[in-house]
>>> print(open('structure.txt').read())   # compact mmCIF, C-alpha atoms
# COMPACT_ATOMS: atom_id res chain seq x y z
CA MET U 1 18.99 -0.30 -7.51
CA SER U 2 21.89 -1.37 -5.40
CA THR U 3 21.63 -3.57 -2.37
CA TYR U 4 22.54 -2.53 1.11
CA LYS U 5 23.22 -4.31 4.34
CA ILE U 6 21.81 -4.05 7.82
CA ALA U 7 23.98 -3.82 10.92
CA VAL U 8 23.56 -3.86 14.68
CA ILE U 9 26.00 -2.27 17.09
CA GLY U 10 25.64 -3.05 20.76
CA ASP U 11 26.84 -5.06 23.69
CA LYS U 12 27.21 -8.72 22.95
CA ASP U 13 24.49 -9.90 25.32
CA SER U 14 21.89 -7.83 23.58
CA ILE U 15 22.66 -8.22 19.94
CA LEU U 16 23.88 -11.77 19.44
CA GLY U 17 20.34 -12.86 18.71
CA PHE U 18 20.19 -10.57 15.70
CA LYS U 19 22.75 -12.73 14.00
CA THR U 20 20.25 -15.53 13.53
CA ILE U 21 17.89 -13.36 11.55
CA GLY U 22 20.59 -12.46 9.07
CA VAL U 23 21.67 -9.07 10.33
CA ASP U 24 25.38 -8.27 10.62
CA THR U 25 26.29 -7.87 14.27
CA PHE U 26 29.14 -5.81 15.64
CA PRO U 27 29.58 -6.45 19.34
CA VAL U 28 31.48 -3.67 21.08
CA THR U 29 32.22 -3.00 24.71
CA SER U 30 33.34 0.61 24.93
CA SER U 31 31.78 3.70 23.49
CA GLU U 32 35.02 4.58 21.67
CA SER U 33 35.02 1.37 19.71
CA ALA U 34 31.30 1.84 19.08
CA LEU U 35 32.02 5.22 17.56
CA ASN U 36 34.78 3.80 15.39
CA THR U 37 32.58 0.94 14.26
CA LEU U 38 29.76 3.32 13.45
CA LYS U 39 32.04 5.55 11.40
CA GLN U 40 33.36 2.58 9.51
CA LEU U 41 29.89 1.22 8.80
CA VAL U 42 28.75 4.58 7.52
CA SER U 43 31.51 4.55 4.93
CA GLU U 44 30.52 1.06 3.82
CA ASN U 45 27.17 0.37 2.21
CA TYR U 46 24.98 -0.16 5.22
CA GLY U 47 21.47 1.14 4.77
CA VAL U 48 20.19 0.67 8.30
CA ILE U 49 22.27 0.64 11.45
CA PHE U 50 20.68 -0.26 14.75
CA VAL U 51 22.51 1.09 17.79
CA THR U 52 21.67 0.36 21.39
CA GLU U 53 20.66 3.39 23.38
CA GLU U 54 23.30 2.77 26.00
CA LEU U 55 26.08 3.19 23.44
CA ALA U 56 24.32 5.92 21.52
CA ARG U 57 24.22 8.08 24.62
CA ASN U 58 27.90 8.87 24.27
CA MET U 59 27.84 9.71 20.60
CA GLU U 60 24.65 11.65 20.21
CA ASP U 61 26.21 14.39 18.10
CA VAL U 62 27.47 11.95 15.49
CA ILE U 63 24.09 10.24 15.34
CA ASN U 64 22.24 13.52 15.10
CA GLU U 65 24.49 14.45 12.22
CA LEU U 66 23.64 11.17 10.49
CA HIS U 67 19.93 11.85 10.98
CA ARG U 68 20.19 14.72 8.56
CA ARG U 69 21.56 12.52 5.81
CA TYR U 70 19.56 10.50 3.38
CA LEU U 71 21.40 7.33 4.27
CA PRO U 72 22.11 5.43 6.47
CA ALA U 73 19.19 5.32 8.85
CA VAL U 74 20.41 5.03 12.42
CA VAL U 75 17.79 3.54 14.69
CA LEU U 76 18.12 3.39 18.43
CA ILE U 77 17.06 0.19 20.10
CA PRO U 78 16.92 -0.72 23.76
CA ASN U 79 19.42 -3.22 25.10
CA SER U 80 18.90 -6.11 27.44
CA LYS U 81 18.70 -3.77 30.42
CA GLY U 82 15.67 -2.04 28.99
CA ALA U 83 14.92 1.18 27.22
CA LEU U 84 16.45 4.45 28.30
CA GLY U 85 13.80 6.52 26.59
CA MET U 86 16.24 8.06 24.14
CA GLY U 87 14.32 6.88 21.11
CA ILE U 88 11.13 8.46 22.35
CA GLN U 89 13.03 11.59 23.30
CA GLN U 90 14.28 11.85 19.75
CA ILE U 91 10.75 11.75 18.41
CA LYS U 92 9.84 14.50 20.85
CA ASP U 93 12.79 16.58 19.70
CA ASN U 94 11.72 16.14 16.12
CA VAL U 95 8.20 17.28 16.92
CA GLU U 96 9.50 20.29 18.76
CA LYS U 97 11.84 21.15 15.94
CA ALA U 98 9.15 20.91 13.31
CA ILE U 99 6.15 22.38 15.06
CA GLY U 100 7.69 24.39 17.85
CA ALA U 101 5.60 22.84 20.56
CA ASP U 102 5.24 19.36 21.93
CA ILE U 103 1.81 18.43 20.68
CA LEU U 104 2.23 14.69 20.72
CA PHE U 105 3.08 14.01 24.32
CA ARG U 106 1.27 16.85 25.95
CA LYS U 107 -1.46 14.69 27.39
CA GLU U 108 0.99 12.54 29.27
CA GLY U 109 3.37 15.18 30.58
CA MET Z 1 14.18 49.84 8.09
CA GLU Z 2 13.62 50.47 4.43
CA ILE Z 3 15.93 49.52 1.60
CA ARG Z 4 18.15 52.37 0.40
CA VAL Z 5 17.04 53.25 -3.11
CA ASN Z 6 16.67 56.24 -5.36
CA PRO Z 7 13.10 57.49 -5.12
CA THR Z 8 12.30 57.20 -8.79
CA ARG Z 9 9.30 55.89 -10.61
CA MET Z 10 11.34 53.11 -12.17
CA GLU Z 11 12.57 51.94 -8.81
CA LEU Z 12 8.98 52.02 -7.57
CA ASN Z 13 7.81 49.74 -10.35
CA ARG Z 14 10.65 47.36 -9.73
CA LEU Z 15 9.88 47.19 -6.02
CA LYS Z 16 6.19 46.63 -6.64
CA LYS Z 17 7.04 43.70 -8.85
CA ARG Z 18 9.32 42.30 -6.17
CA LEU Z 19 6.59 42.71 -3.59
CA THR Z 20 4.02 40.75 -5.58
CA MET Z 21 6.62 38.08 -6.19
CA ALA Z 22 7.47 37.90 -2.49
CA GLN Z 23 3.83 37.68 -1.56
CA ARG Z 24 3.22 34.89 -4.01
CA GLY Z 25 6.29 33.04 -2.74
CA HIS Z 26 5.14 33.54 0.81
CA LYS Z 27 1.74 32.09 0.09
CA LEU Z 28 3.21 29.08 -1.69
CA LEU Z 29 5.72 28.38 1.04
CA LYS Z 30 3.04 28.71 3.67
CA ASP Z 31 0.93 26.12 1.86
CA LYS Z 32 3.96 23.88 1.58
CA ARG Z 33 4.67 24.22 5.28
CA ASP Z 34 1.09 23.42 6.22
CA GLU Z 35 1.02 20.30 4.10
CA LEU Z 36 4.43 19.20 5.39
CA ILE Z 37 3.23 19.56 8.94
CA ARG Z 38 0.10 17.58 8.17
CA GLN Z 39 2.16 14.74 6.73
CA PHE Z 40 4.63 15.03 9.57
CA ILE Z 41 1.97 14.65 12.23
CA ILE Z 42 0.57 11.53 10.61
CA LEU Z 43 4.02 10.00 10.40
CA VAL Z 44 5.15 11.00 13.83
CA ARG Z 45 2.06 9.49 15.46
CA LYS Z 46 2.82 6.23 13.71
CA ASN Z 47 6.46 6.54 14.68
CA LYS Z 48 5.62 6.94 18.34
CA ASP Z 49 3.25 3.98 18.47
CA LEU Z 50 5.61 1.75 16.54
CA ARG Z 51 8.59 2.67 18.67
CA GLU Z 52 6.76 2.07 21.92
CA HIS Z 53 5.61 -1.30 20.66
CA ILE Z 54 9.04 -2.31 19.40
CA GLU Z 55 10.84 -1.21 22.52
CA LYS Z 56 8.57 -3.39 24.59
CA GLU Z 57 8.96 -6.40 22.33
CA LEU Z 58 12.69 -6.04 21.99
CA THR Z 59 13.28 -5.65 25.69
CA GLY Z 60 11.33 -8.84 26.19
CA ALA Z 61 13.33 -10.66 23.55
CA PHE Z 62 16.59 -9.45 25.03
CA ALA Z 63 15.56 -10.48 28.50
CA LYS Z 64 14.81 -13.97 27.21
CA PHE Z 65 18.11 -14.02 25.43
CA LEU Z 66 19.87 -13.07 28.61
CA LEU Z 67 18.17 -15.96 30.36
CA ALA Z 68 19.30 -18.30 27.61
CA ARG Z 69 22.79 -17.01 28.05
CA ALA Z 70 22.61 -17.64 31.73
CA VAL Z 71 21.46 -21.25 31.49
CA MET Z 72 23.67 -22.24 28.57
CA PRO Z 73 27.45 -22.39 28.45
CA ALA Z 74 28.80 -19.47 26.45
CA GLU Z 75 30.55 -21.73 23.92
CA ASN Z 76 27.38 -23.68 23.27
CA LEU Z 77 25.45 -20.51 22.66
CA GLU Z 78 27.96 -19.06 20.26
CA GLU Z 79 28.22 -22.31 18.45
CA ALA Z 80 24.47 -22.51 18.11
CA LEU Z 81 24.30 -19.06 16.61
CA MET Z 82 27.37 -19.29 14.48
CA TYR Z 83 25.71 -20.00 11.15
CA PRO Z 84 22.52 -18.07 10.51
CA THR Z 85 19.95 -19.77 8.29
CA LYS Z 86 19.35 -16.68 6.28
CA THR Z 87 20.89 -13.39 5.37
CA VAL Z 88 19.03 -10.17 4.89
CA SER Z 89 19.88 -7.69 2.21
CA LEU Z 90 18.29 -4.38 1.65
CA GLU Z 91 17.01 -2.69 -1.43
CA ILE Z 92 16.44 1.00 -1.16
CA SER Z 93 14.13 3.04 -3.29
CA LYS Z 94 13.24 6.68 -2.96
CA GLN Z 95 9.88 7.86 -1.81
CA ASN Z 96 8.82 11.40 -2.32
CA ILE Z 97 6.94 13.15 0.48
CA MET Z 98 6.26 16.70 -0.64
CA SER Z 99 9.58 16.70 -2.53
CA VAL Z 100 11.42 15.47 0.53
CA TYR Z 101 13.20 12.34 -0.55
CA ALA Z 102 13.19 9.62 2.05
CA PRO Z 103 14.53 6.11 1.62
CA LYS Z 104 12.09 3.25 1.37
CA PHE Z 105 13.42 -0.08 2.52
CA ASN Z 106 12.67 -3.36 0.87
CA TRP Z 107 14.47 -6.18 2.53
CA VAL Z 108 15.07 -9.48 0.91
CA GLU Z 109 15.67 -12.56 2.98
CA GLU Z 110 17.91 -15.09 1.43
CA GLU Z 111 17.79 -18.62 2.66
CA GLY Z 112 21.21 -19.83 3.52
CA GLY Z 113 21.19 -22.77 1.16
CA ARG Z 114 19.11 -25.06 3.33
CA GLY Z 115 16.16 -25.15 1.03
CA GLU Z 116 12.63 -23.92 1.37
CA GLY Z 117 10.84 -24.06 4.64
CA SER Z 118 13.92 -24.43 6.79
CA SER Z 119 13.31 -23.22 10.29
CA ILE Z 120 14.49 -19.89 11.58
CA TYR Z 121 16.58 -21.65 14.18
CA PRO Z 122 20.11 -22.25 13.02
CA TYR Z 123 20.71 -25.00 15.59
CA GLY Z 124 19.39 -28.30 16.79
CA PHE Z 125 17.27 -28.37 19.89
CA VAL Z 126 19.49 -30.72 21.84
CA ASP Z 127 21.74 -28.49 23.80
CA THR Z 128 19.95 -25.16 23.60
CA SER Z 129 17.39 -23.75 25.96
CA ALA Z 130 13.79 -22.89 25.21
CA GLU Z 131 14.34 -19.24 26.09
CA LEU Z 132 16.67 -18.95 23.14
CA ASP Z 133 13.96 -20.23 20.81
CA ILE Z 134 11.46 -17.71 22.09
CA SER Z 135 13.95 -14.88 21.89
CA ILE Z 136 14.86 -15.66 18.32
CA GLU Z 137 11.28 -16.15 17.28
CA THR Z 138 10.36 -12.74 18.64
CA LEU Z 139 13.32 -11.19 16.92
CA SER Z 140 12.49 -12.62 13.55
CA GLU Z 141 8.87 -11.59 13.95
CA ILE Z 142 9.88 -8.11 14.84
CA LEU Z 143 12.27 -7.57 11.95
CA PRO Z 144 9.64 -6.29 9.49
CA GLN Z 145 8.47 -3.83 12.11
CA LEU Z 146 12.01 -2.76 12.80
CA MET Z 147 12.53 -2.01 9.13
CA GLU Z 148 9.29 -0.06 9.07
CA LEU Z 149 10.43 1.87 12.10
CA ALA Z 150 13.73 2.68 10.42
CA GLU Z 151 11.89 3.92 7.37
CA ILE Z 152 9.40 6.04 9.25
CA GLU Z 153 11.95 7.45 11.62
CA LYS Z 154 14.18 8.52 8.77
CA ALA Z 155 11.23 10.14 7.01
CA VAL Z 156 10.27 11.94 10.21
CA GLN Z 157 13.78 13.25 10.71
CA LEU Z 158 14.09 14.47 7.16
CA LEU Z 159 10.63 16.03 7.29
CA ALA Z 160 11.41 17.83 10.54
CA GLU Z 161 14.50 19.27 8.94
CA GLU Z 162 12.56 20.42 5.89
CA ILE Z 163 9.75 21.92 7.95
CA GLU Z 164 12.23 23.93 9.97
CA LYS Z 165 13.83 25.23 6.80
CA THR Z 166 10.49 26.10 5.22
CA ARG Z 167 9.30 27.80 8.37
CA ARG Z 168 12.40 29.96 8.46
CA ARG Z 169 11.79 31.01 4.89
CA VAL Z 170 8.13 31.77 5.53
CA ASN Z 171 9.05 33.88 8.54
CA ALA Z 172 11.83 35.68 6.73
CA LEU Z 173 9.42 36.62 3.97
CA GLU Z 174 6.56 37.49 6.28
CA TYR Z 175 8.39 39.50 8.91
CA ILE Z 176 11.39 40.91 7.11
CA LEU Z 177 11.29 41.06 3.35
CA ILE Z 178 7.63 41.95 2.78
CA PRO Z 179 7.45 44.70 5.45
CA LYS Z 180 10.72 46.11 4.17
CA LEU Z 181 9.45 46.24 0.62
CA GLU Z 182 6.16 47.82 1.68
CA GLU Z 183 8.01 50.38 3.74
CA THR Z 184 10.26 51.29 0.84
CA ILE Z 185 7.36 51.54 -1.56
CA ARG Z 186 5.61 53.89 0.83
CA TYR Z 187 8.79 55.93 1.16
CA ILE Z 188 9.15 56.28 -2.59
CA THR Z 189 5.50 57.21 -3.16
CA MET Z 190 5.72 59.83 -0.49
CA LYS Z 191 8.94 61.20 -1.88
CA LEU Z 192 7.42 61.35 -5.37
CA GLU Z 193 4.30 63.10 -4.13
CA GLU Z 194 6.43 65.52 -2.22
CA SER Z 195 8.45 66.50 -5.23
CA GLU Z 196 5.23 66.77 -7.25
CA ARG Z 197 3.85 69.20 -4.71
CA GLY Z 198 7.16 71.00 -4.75
CA ALA Z 199 6.96 71.41 -8.51
CA LEU Z 200 3.39 72.62 -8.26
CA THR Z 201 4.07 75.29 -5.67
CA ARG Z 202 7.10 76.43 -7.61
CA LEU Z 203 4.95 76.82 -10.71
CA MET Z 204 2.36 78.83 -8.82
CA LYS Z 205 5.05 80.99 -7.30
CA ILE Z 206 6.61 81.67 -10.69
CA LYS Z 207 3.20 82.45 -12.12
CA ASP Z 208 2.68 85.05 -9.35
CA VAL Z 209 6.06 86.62 -9.99
CA VAL Z 210 5.47 86.78 -13.72
CA ARG Z 211 2.01 88.26 -13.23
CA ALA Z 212 3.28 90.91 -10.82
CA LYS Z 213 5.86 92.09 -13.36
CA MET Z 214 3.31 92.57 -16.12
>>> encode(input="structure.txt", output="C-alpha cells")
Amino acid sequence: MSTYKIAVIGDKDSILGFKTIGVDTFPVTSSESALNTLKQLVSENYGVIFVTEELARNMEDVINELHRRYLPAVVLIPNSKGALGMGIQQIKDNVEKAIGADILFRKEG
Amino acid sequence: MEIRVNPTRMELNRLKKRLTMAQRGHKLLKDKRDELIRQFIILVRKNKDLREHIEKELTGAFAKFLLARAVMPAENLEEALMYPTKTVSLEISKQNIMSVYAPKFNWVEEEGGRGEGSSIYPYGFVDTSAELDISIETLSEILPQLMELAEIEKAVQLLAEEIEKTRRRVNALEYILIPKLEETIRYITMKLEESERGALTRLMKIKDVVRAKM
C-alpha cells in the first residue's frame, strides 16, 4: 500500500489554516493558475484534493472528469466568503444521474 | 423490427437460446441495479448530511481565520503558521461496493518531531490572536470528517456512474434486444408453420390429381 498526500487549492485567506493540520496548501489567485495547479497535483500522488467552490466554478468540466476516476478524490469546500452551494448541487446531480429523479431534496424544493 | 435471419429450425433454436440468455441477464442486471440504488441512497443521504455539516463548520472556521488575519500583521501570521506540528499522509485501500471499487482513506498523522502530546498549535501564544486558535482547533477537529466526506463523495460519484451504466444495459435488454428476439422467433415460427401448411396442401392436391388419373 503506497502513501498519498492531501492538498488544498484555494485563495490564501481561506486555506492558510489548513497548513497547520499538515495538509499541503497551494494558494492561487486566478482560476488559470488553479487549473494548472490542479492538473499538476493530479499527476503527482495526491489522493485527496480539496478545492474551494469559488475556484472550482471555472473548471467544472475538469473536476467532473476527475470524478469519474478512481483517484484522486476532488472535494469542494466553501471559502471564507461562504458556501456557493456547488457541493450540494453536485450531490443533487449525482442523485439525478443515478435515479433519474431528485428524491433527496424534493421535500425542500 | 426483427433481426434478418433465415427462417430455419436451427436458427429458431439458436434464437430461443439467446432469448433465455438475454432474459437471465436482464433479471440479474435488474437485481444489480436495485441493490446499487439501495446502497447509493444510503450513501447519498449520509453524504448530504455530512456536507451540510462540514460546510457550516468550515465557513465558521474560515470566518474566524479571516478575523485573525485582520487583527494580526500578515508577517506575524505567516510566521506563526510556517512550521506545522504534524504532517498528514494518506493510505488508500480499496473497498468493494457491489463490485464498484471505491478508495478508502486511512490518514496517518505524523508528529513533526516535537514529541508526544505536543499541541496542535505550531506557534506560541504571545503575538497571535485567539481567533486563530479557534479557527485552527475547528480545522483539526474537522479533518476526520473531511476525509470521510471525501471517501463518501467519491463512492457516491462512482456508484452514480455505475448505476447509470447498469440502467442503460437493463433498458437496452428490456426494450430492444428481448422484444427483437421475441419478434424474430415469432416470425420464424410463423414462416415454418406456413411452409408446413404449404407442403400439406401440395400433398393433398397431388393426391387428388393422382386419384383423378386412376
>>> closest_residue(input="structure.txt", among="U:Ser80, U:Ser30, U:Thr37, U:Ser43", to="Leu55 in chain U", atoms="only C-alpha atoms")
U:Ser30
>>> atom_distance(input="structure.txt", atom1="CA of Ala7 in chain U", atom2="CA of Ala56 in chain U")
14.4 Å
>>> interface_residues(input="structure.txt", of="chain U", to="chain Z", cutoff="6 Å", atoms="all atoms listed in the file", output="VMD selection string")
chain U and resid 3 to 5 14 20 to 22 73 75 80 82 94 98
>>> closest_residue(input="structure.txt", among="U:Val23, U:Ile103, U:Leu16, U:Ile9", to="Leu76 in chain U", atoms="only C-alpha atoms")
U:Ile9
>>> atom_distance(input="structure.txt", atom1="CA of Asn45 in chain U", atom2="CA of Ser2 in chain U")
9.4 Å
>>> atom_distance(input="structure.txt", atom1="CA of Thr184 in chain Z", atom2="CA of Ala199 in chain Z")
22.4 Å
>>> residues_around(input="structure.txt", residues="range 6-9 of chain Z", least_positions_apart="6", cutoff="8 Å", atoms="all atoms listed in the file", output="list in words")
Tyr187, Ile188, Thr189, Lys191 and Leu192 of chain Z
>>> residues_around(input="structure.txt", residues="Ile63 in chain U", least_positions_apart="2", cutoff="10 Å", atoms="only C-alpha atoms", output="PDB file with C-alpha atoms, in the coordinates of the input")
ATOM      1  CA  LEU U  35      32.020   5.220  17.560  1.00  0.00           C
ATOM      2  CA  LEU U  38      29.760   3.320  13.450  1.00  0.00           C
ATOM      3  CA  VAL U  51      22.510   1.090  17.790  1.00  0.00           C
ATOM      4  CA  ALA U  56      24.320   5.920  21.520  1.00  0.00           C
ATOM      5  CA  ARG U  57      24.220   8.080  24.620  1.00  0.00           C
ATOM      6  CA  ASN U  58      27.900   8.870  24.270  1.00  0.00           C
ATOM      7  CA  MET U  59      27.840   9.710  20.600  1.00  0.00           C
ATOM      8  CA  GLU U  60      24.650  11.650  20.210  1.00  0.00           C
ATOM      9  CA  ASP U  61      26.210  14.390  18.100  1.00  0.00           C
ATOM     10  CA  GLU U  65      24.490  14.450  12.220  1.00  0.00           C
ATOM     11  CA  LEU U  66      23.640  11.170  10.490  1.00  0.00           C
ATOM     12  CA  HIS U  67      19.930  11.850  10.980  1.00  0.00           C
ATOM     13  CA  ARG U  68      20.190  14.720   8.560  1.00  0.00           C
ATOM     14  CA  ALA U  73      19.190   5.320   8.850  1.00  0.00           C
ATOM     15  CA  VAL U  74      20.410   5.030  12.420  1.00  0.00           C
ATOM     16  CA  VAL U  75      17.790   3.540  14.690  1.00  0.00           C
ATOM     17  CA  LEU U  76      18.120   3.390  18.430  1.00  0.00           C
TER      18      LEU U  76
END
>>> closest_residue(input="structure.txt", among="Z:Lys104, Z:Ala70, Z:Leu19, Z:Arg169", to="Gly47 in chain U", atoms="only C-alpha atoms")
Z:Lys104
>>> axis_aligned_box(input="structure.txt", around="range 147-160 of chain Z", padding_each_side="5 Å", output="JSON")
{"center_x": 11.7, "center_y": 7.9, "center_z": 9.6, "size_x": 14.9, "size_y": 29.8, "size_z": 15.1}
>>> residues_around(input="structure.txt", residues="range 175-177 of chain Z", least_positions_apart="5", cutoff="9 Å", atoms="all atoms listed in the file", output="list in words")
Leu19, Ala22, Val170 and Glu182 of chain Z
>>> write_last_selection(input="structure.txt", atoms="C-alpha atoms", output="PDB file, in the coordinates of the input")
ATOM      1  CA  LEU Z  19       6.590  42.710  -3.590  1.00  0.00           C
ATOM      2  CA  ALA Z  22       7.470  37.900  -2.490  1.00  0.00           C
ATOM      3  CA  VAL Z 170       8.130  31.770   5.530  1.00  0.00           C
ATOM      4  CA  GLU Z 182       6.160  47.820   1.680  1.00  0.00           C
TER       5      GLU Z 182
END
>>> residues_near_point(input="structure.txt", point="(21.6, -2.3, 21.7)", cutoff="7 Å", atoms="all atoms listed in the file", output="NGL selection string")
:U and (9-11 or 14-15 or 51-54 or 77-79)
>>> closest_residue(input="structure.txt", among="U:Val28, U:Val95, U:Met86, U:Arg69", to="Val42 in chain U", atoms="all atoms listed in the file")
U:Arg69
>>> closest_residue(input="structure.txt", among="U:Ala101, U:Asn64, U:Ile6, U:Asp13", to="Glu44 in chain U", atoms="only C-alpha atoms")
U:Ile6
